[in-house]
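This report concerns only the one structure given below.
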Amino acid sequence: MLKHGVNSLRRCCPAVTYCTFEYDPVVWLLSCLEVTASSRHYVDRLFDLDPQKVLQGVIDMKNAVIGNNKQKANLIVLGAVPRLLYLLQQETSSTELRTECAVVLGSLAMGTENNVKSLLDCHIIPALLQGLLSPDLKFIEACLRCLRTVFISPVTPEDLLYTDATVISHLMALLSRSRYTQEYICQIFSHCCKLQHWHSCGFKSLPQPLLCANGPDHQTILFNHGAVQNIAHLLVSTSYKYVFTQVRMQALKCFSVLAFENPQVSMTLVNVSVDGELLPQIFVKMLQRDKPIEMQLTSAKCLTSMCRAGAIRTDDSCIVLKTLPCLVRMCSKERLLEERVEGAETLAYLIETDVELQRIASITDHLIVMLADYFKYPSSVSAITDIKRLDHDLKHAHELRQAAFKLYASLGANDEDIRKKIIETENMMDRIVNGLSESSIKVRLAAVRCLHSLSRSVQQLRTSFQDHAVWKPLMKVLQNAPNEMLVVASSTLCNLLLEFSPSKEPILESGAIELLCSLTQSENLALRVNGIWALMNMAFQAEQKIKSDILRGLSTEQLFQLLSDSDVNVLMKTLGLLRNLLSTRPHIDHIMSTHGKQIMQAVTLILEGEHNIEVKEQTLCILANIADGTTAKELIMTNDDILQKIKYYMSHSNAKLQLAAMFCISNLIWNEEEGSQERQDKLRDMGIVDILHKLSQSSDPNLCDKAKTALQQYLA
């Protein structure tokens, strides 16, 4: 087994003797001009014939590059990396030399992102993975430390860890070798464990992996290789010295990424016991105030992921009394910026779908007011005396605003009172409007999510939203935005187009119909649903001109395309749009006079198709609306196929479909309207009256009453 693993690793780790760089010639020339004589001297010594001089040269190089990014860049330009990798892989090199080479390469990787790119171009990862097969522990630790440094860089594709199936197994086996192998391997796992859909959302463009392509994601691979069992015991240590705390922290981070949105891992974690104590209990202990802040936060993330995956109930005391209060504490202005950001975003995720947790969070430590401070940071009189920290926070202050918007969105997702408190918070609507125009796309997206959450309030749609004209920046957001932004913004627009929203009219005047019609043609399902949903809301009790503009904008071809969409949500919203378009008699008659043939054809196709009860009920309701028209009803009366379908559904086993068919009949035979006698006679000849008599004896009170009302039209 081990031999197979070694051979497999070696096949994917060829000896590296050279590498190429794709430098801009001008940049390369300028870099070369800065190379000093001493830098050349370090590289020249790597080629000495005396092994001891080579070793001393590598040691001197190690000392020279520590904390010196310019020196690191010089050595890379001069070709030090290929030679270091060559020496590292040569079996004739001493273990000490190979170890020092790994240390220098790790130091080079701690420089700029360009340094890491250069190392990757020279195939450093396969060379280091090959080094893990050595029996020498110090060399293994040096290789792991370098691998850790390379993999934590944002420019390193995570999938490079998974290109050979034996690598993960070998890393699991190395976990028990030392406290350093434990720390480094856990760090590597936590940085290389990403959900596959992250990649498809544009986070990082990766090469096709041998193991992951069309196969298991990173979490599943690590889980199947025993990550939970191998890492769990690292959380418990008899010593609290720094190095052991580091191991515990890295193990904890590993679990936080393994459990994220993964029910399988979460359900396993909740039942794992270490030294007689269940993992959730260990996580709760790590939430205590005397533990390092990073440990508290990461433990809270683990418990949050397990809760969202259904492994822990939302009303469990470890969530309500421990995890939630811990995350609220992290939002305090006493905490560092990154702690406040992570605390708020994790809390937003924890309470996102649970009404009771939202209510508890909203009254914990004045959270709603506390979040307002996120928008005031850094204040004119800052408590930060560390200039570097202040500079860092100034560059990252937008992350606080993003986190605050996210948490406000989760808090206000369901409860009207909470939404009211959020909107009444100091300058809240102005902050949202400003957020919609920020340069950071992440802040804009978070602001739109917050706006969407608050737009579920009828009261706020009528007041605050109108007072601040939020529709204006929202319409700007909808122009040329990425799909993720468009989905949330168009969902918000759906709410702003409800009939009681004062924003509806100015949105219409701003050209929304054309925009929404274009969304219905999107390949993105959520955008198609939102586009047709917004048009449905727009058409409700609208003027005839607006309805005509919608039909003109959609076109008959697109309407049929939507009615034949494979997604039932698109179909239902399209039927809802048709139902709203075909309301009030003058509108019904006008639309059916121009689009009647196509609409009747569509109705026929749906009633004949394999659709669920709700779809067919909605379609019959459209027919009932058409039957209420003055001239439009003749399109039904002259269509024997449609009449037979209505008759069929009057005798259907489902009461909803029977009732919808009855509405059609009632509108057709209403005796106060011209031509009613002829319509009644034709329907009597079809056997409709006999069916009405049967339905008048129905045990369903609605059917019974409707049938009796219809029969009275024949008696009048």
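Going by the structure tokens order, chains are called A, B, ..., each with residues numbered from 1, while ligands are numbered from 1 in the order shown.
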Contact residues around A:Glu113 with only C-alpha atoms at 12 Å, ignoring same-chain residues under 2 positions, as a PyMOL selection string:
chain A and resi 69+72-73+108-111+115-120+149-156
File dump, residues just selected, C-alpha atoms, as a CSV table (one decimal), in the first residue's frame:
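File written: selection_18.csv
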```
chain,number,residue,atom,x,y,z
A,69,ASN,CA,11.2,41.2,-0.2
A,72,LYS,CA,13.7,37.6,-2.5
A,73,ALA,CA,12.6,39.1,-5.9
A,108,LEU,CA,10.5,33.1,-0.7
A,109,ALA,CA,6.8,32.1,-0.7
A,110,MET,CA,6.2,34.5,2.2
A,111,GLY,CA,7.0,37.4,0.0
A,115,ASN,CA,6.9,35.3,-5.7
A,116,VAL,CA,4.3,32.5,-5.2
A,117,LYS,CA,3.4,32.6,-8.9
A,118,SER,CA,7.0,32.1,-9.8
A,119,LEU,CA,7.3,29.2,-7.4
A,120,LEU,CA,4.2,27.6,-8.9
A,149,THR,CA,2.8,29.0,3.0
A,150,VAL,CA,2.2,28.3,-0.7
A,151,PHE,CA,-1.3,27.1,-0.2
A,152,ILE,CA,-2.5,29.9,2.0
A,153,SER,CA,-1.7,32.3,-0.9
A,154,PRO,CA,-4.8,33.4,-2.8
A,155,VAL,CA,-3.0,32.8,-6.1
A,156,THR,CA,-2.5,29.0,-5.4
```
So that I can see what lies close to stretch 643-659 of chain A, please list as a ChimeraX atom specification the residues with an atom at most 10 Å from it, counting only C-alpha atoms and leaving out residues fewer than 3 positions away in the same chain.
/A:604,607-608,613-621,623-624,636-640,662-665,683,686-688,691-692,694-695,700,702-704,706-707
Could you write out the selected residues, including N, CA and C atoms, as a compact mmCIF listing (two decimals), in the first residue's frame?
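selection-v3.txt was written with the following content:
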```txt
# COMPACT_ATOMS: atom_id res chain seq x y z
N THR A 604 -54.85 25.65 -24.12
CA THR A 604 -55.13 24.28 -24.54
C THR A 604 -53.94 23.36 -24.27
N LEU A 607 -53.59 22.66 -20.46
CA LEU A 607 -54.63 21.76 -19.93
C LEU A 607 -54.45 20.33 -20.42
N GLU A 608 -53.83 20.17 -21.57
CA GLU A 608 -53.59 18.83 -22.11
C GLU A 608 -52.29 18.22 -21.59
N ILE A 613 -51.63 20.17 -10.16
CA ILE A 613 -52.96 20.72 -9.91
C ILE A 613 -52.93 22.25 -9.92
N GLU A 614 -51.91 22.84 -9.27
CA GLU A 614 -51.84 24.30 -9.16
C GLU A 614 -51.74 24.96 -10.53
N VAL A 615 -50.96 24.37 -11.42
CA VAL A 615 -50.81 24.93 -12.77
C VAL A 615 -52.13 24.89 -13.52
N LYS A 616 -52.81 23.76 -13.45
CA LYS A 616 -54.08 23.64 -14.19
C LYS A 616 -55.17 24.51 -13.56
N GLU A 617 -55.13 24.66 -12.24
CA GLU A 617 -56.10 25.56 -11.58
C GLU A 617 -55.91 26.99 -12.06
N GLN A 618 -54.64 27.43 -12.11
CA GLN A 618 -54.35 28.79 -12.56
C GLN A 618 -54.79 28.98 -14.01
N THR A 619 -54.62 27.95 -14.84
CA THR A 619 -55.01 28.03 -16.25
C THR A 619 -56.53 28.13 -16.39
N LEU A 620 -57.26 27.37 -15.59
CA LEU A 620 -58.72 27.45 -15.61
C LEU A 620 -59.20 28.82 -15.12
N CYS A 621 -58.47 29.42 -14.18
CA CYS A 621 -58.83 30.77 -13.71
C CYS A 621 -58.65 31.79 -14.83
N LEU A 623 -59.10 31.10 -17.99
CA LEU A 623 -60.29 30.88 -18.82
C LEU A 623 -61.51 31.56 -18.21
N ALA A 624 -61.62 31.51 -16.89
CA ALA A 624 -62.75 32.16 -16.21
C ALA A 624 -62.71 33.66 -16.45
N ILE A 636 -64.22 31.22 -26.34
CA ILE A 636 -64.44 29.94 -25.63
C ILE A 636 -65.63 29.22 -26.23
N MET A 637 -66.74 29.95 -26.44
CA MET A 637 -67.97 29.32 -26.92
C MET A 637 -67.82 28.74 -28.33
N THR A 638 -66.92 29.27 -29.10
CA THR A 638 -66.73 28.75 -30.47
C THR A 638 -65.61 27.70 -30.52
N ASN A 639 -65.08 27.35 -29.36
CA ASN A 639 -63.99 26.37 -29.29
C ASN A 639 -64.48 25.13 -28.53
N ASP A 640 -65.00 24.16 -29.28
CA ASP A 640 -65.58 22.97 -28.64
C ASP A 640 -64.55 22.19 -27.83
N MET A 662 -66.04 25.64 -12.62
CA MET A 662 -67.37 26.19 -12.35
C MET A 662 -67.40 27.70 -12.55
N PHE A 663 -66.32 28.38 -12.21
CA PHE A 663 -66.25 29.83 -12.44
C PHE A 663 -66.36 30.13 -13.94
N CYS A 664 -65.73 29.32 -14.75
CA CYS A 664 -65.82 29.49 -16.21
C CYS A 664 -67.29 29.41 -16.66
N ILE A 665 -67.96 28.37 -16.19
CA ILE A 665 -69.35 28.15 -16.59
C ILE A 665 -70.23 29.29 -16.12
N LEU A 683 -74.59 24.89 -23.72
CA LEU A 683 -73.98 24.18 -22.60
C LEU A 683 -74.92 23.12 -22.04
N MET A 686 -74.62 20.08 -24.00
CA MET A 686 -73.37 19.37 -23.71
C MET A 686 -73.45 18.55 -22.42
N GLY A 687 -74.53 18.74 -21.67
CA GLY A 687 -74.67 18.00 -20.42
C GLY A 687 -74.18 18.74 -19.20
N ILE A 688 -73.93 20.05 -19.34
CA ILE A 688 -73.40 20.84 -18.23
C ILE A 688 -74.42 20.93 -17.09
N ILE A 691 -74.39 17.99 -14.81
CA ILE A 691 -73.23 18.01 -13.90
C ILE A 691 -73.49 19.00 -12.76
N LEU A 692 -74.12 20.14 -13.07
CA LEU A 692 -74.42 21.14 -12.04
C LEU A 692 -75.36 20.56 -10.98
N LYS A 694 -75.57 17.46 -10.07
CA LYS A 694 -74.78 16.54 -9.23
C LYS A 694 -73.94 17.32 -8.23
N LEU A 695 -73.31 18.40 -8.72
CA LEU A 695 -72.44 19.19 -7.85
C LEU A 695 -73.23 19.93 -6.77
N ASP A 700 -68.83 19.28 -0.50
CA ASP A 700 -67.98 20.46 -0.42
C ASP A 700 -68.86 21.71 -0.50
N ASN A 702 -68.33 24.89 -0.91
CA ASN A 702 -68.01 25.83 -1.99
C ASN A 702 -68.55 25.36 -3.33
N LEU A 703 -68.33 24.08 -3.63
CA LEU A 703 -68.85 23.51 -4.88
C LEU A 703 -70.36 23.53 -4.91
N CYS A 704 -70.95 23.16 -3.78
CA CYS A 704 -72.41 23.11 -3.69
C CYS A 704 -73.02 24.48 -3.94
N LYS A 706 -71.65 27.12 -5.43
CA LYS A 706 -71.38 27.62 -6.78
C LYS A 706 -72.30 26.94 -7.81
N ALA A 707 -72.54 25.66 -7.63
CA ALA A 707 -73.43 24.92 -8.54
C ALA A 707 -74.86 25.45 -8.45
```
For the alpha helix (DSSP H) assignment from backbone DSSP, which residues of stretch 43-210 of chain A qualify? Please present them as a PyMOL selection string.
chain A and resi 43-45+51-65+69-77+80-89+95-109+113-121+124-131+137-151+165-174+179-191+196-200
Go ahead and compute the interatomic distance for atom CA of A:Ile418 and atom CA of A:Ile312, in Å to one decimal.
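Result for atom CA of A:Ile418 versus atom CA of A:Ile312: 25.3 Å, one decimal.
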DSSP-assigned strand (DSSP E or B) among stretch 169-416 of chain A, expressed as a VMD selection string:
chain A and resid 273 to 274 277 to 278
Just how far from atom CA of A:Val689 is atom CA of A:Tyr714, in Å to one decimal?
8.7 Å
In Å, rounded to a single decimal, give me how far atom CA of A:Phe139 is from atom CA of A:Gly67.
22.5 Å
Find the residues near A:Glu342: any atom within 8 Å, counting only C-alpha atoms, skip ones fewer than 2 places away on the same chain, and give them as a PyMOL selection string.
chain A and resi 297+330+338-340+344-346+403
Spatial neighbours of A:Gly553, max dist 8 Å, only C-alpha atoms, sep filter under 5 positions, as an mmCIF file with all heavy atoms, in the first residue's frame:
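To be explicit, this is the file written out as out29.cif:
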```cif
data_model
loop_
_atom_site.group_PDB
_atom_site.id
_atom_site.type_symbol
_atom_site.label_atom_id
_atom_site.label_comp_id
_atom_site.auth_asym_id
_atom_site.auth_seq_id
_atom_site.Cartn_x
_atom_site.Cartn_y
_atom_site.Cartn_z
ATOM 1 N N ILE A 513 -40.084 48.095 -17.827
ATOM 2 C CA ILE A 513 -40.689 47.010 -18.601
ATOM 3 C C ILE A 513 -39.669 46.357 -19.523
ATOM 4 O O ILE A 513 -39.548 45.122 -19.587
ATOM 5 C CB ILE A 513 -41.904 47.515 -19.414
ATOM 6 C CG1 ILE A 513 -43.048 47.894 -18.464
ATOM 7 C CG2 ILE A 513 -42.375 46.447 -20.411
ATOM 8 C CD1 ILE A 513 -44.270 48.469 -19.154
ATOM 9 N N GLU A 514 -38.920 47.166 -20.242
ATOM 10 C CA GLU A 514 -37.906 46.630 -21.163
ATOM 11 C C GLU A 514 -36.864 45.808 -20.404
ATOM 12 O O GLU A 514 -36.468 44.725 -20.838
ATOM 13 C CB GLU A 514 -37.230 47.780 -21.908
ATOM 14 C CG GLU A 514 -36.198 47.323 -22.931
ATOM 15 C CD GLU A 514 -35.541 48.489 -23.648
ATOM 16 O OE1 GLU A 514 -35.965 49.647 -23.426
ATOM 17 O OE2 GLU A 514 -34.595 48.242 -24.417
ATOM 18 N N CYS A 517 -38.484 42.486 -19.180
ATOM 19 C CA CYS A 517 -38.709 41.577 -20.310
ATOM 20 C C CYS A 517 -37.395 40.907 -20.728
ATOM 21 O O CYS A 517 -37.374 39.730 -21.095
ATOM 22 C CB CYS A 517 -39.327 42.315 -21.485
ATOM 23 S SG CYS A 517 -41.070 42.764 -21.239
#
```
Between A:Asn63, A:Gln541, A:Asn271, A:Asn427, smallest distance to A:Phe375 by only C-alpha atoms belongs to A:Asn427
Choose the residue, out of A:Ser548, A:Gly343, A:Asp565, A:Ala227, that has the smallest atom-to-atom separation from A:Leu578; count only C-alpha atoms.
A:Ser548
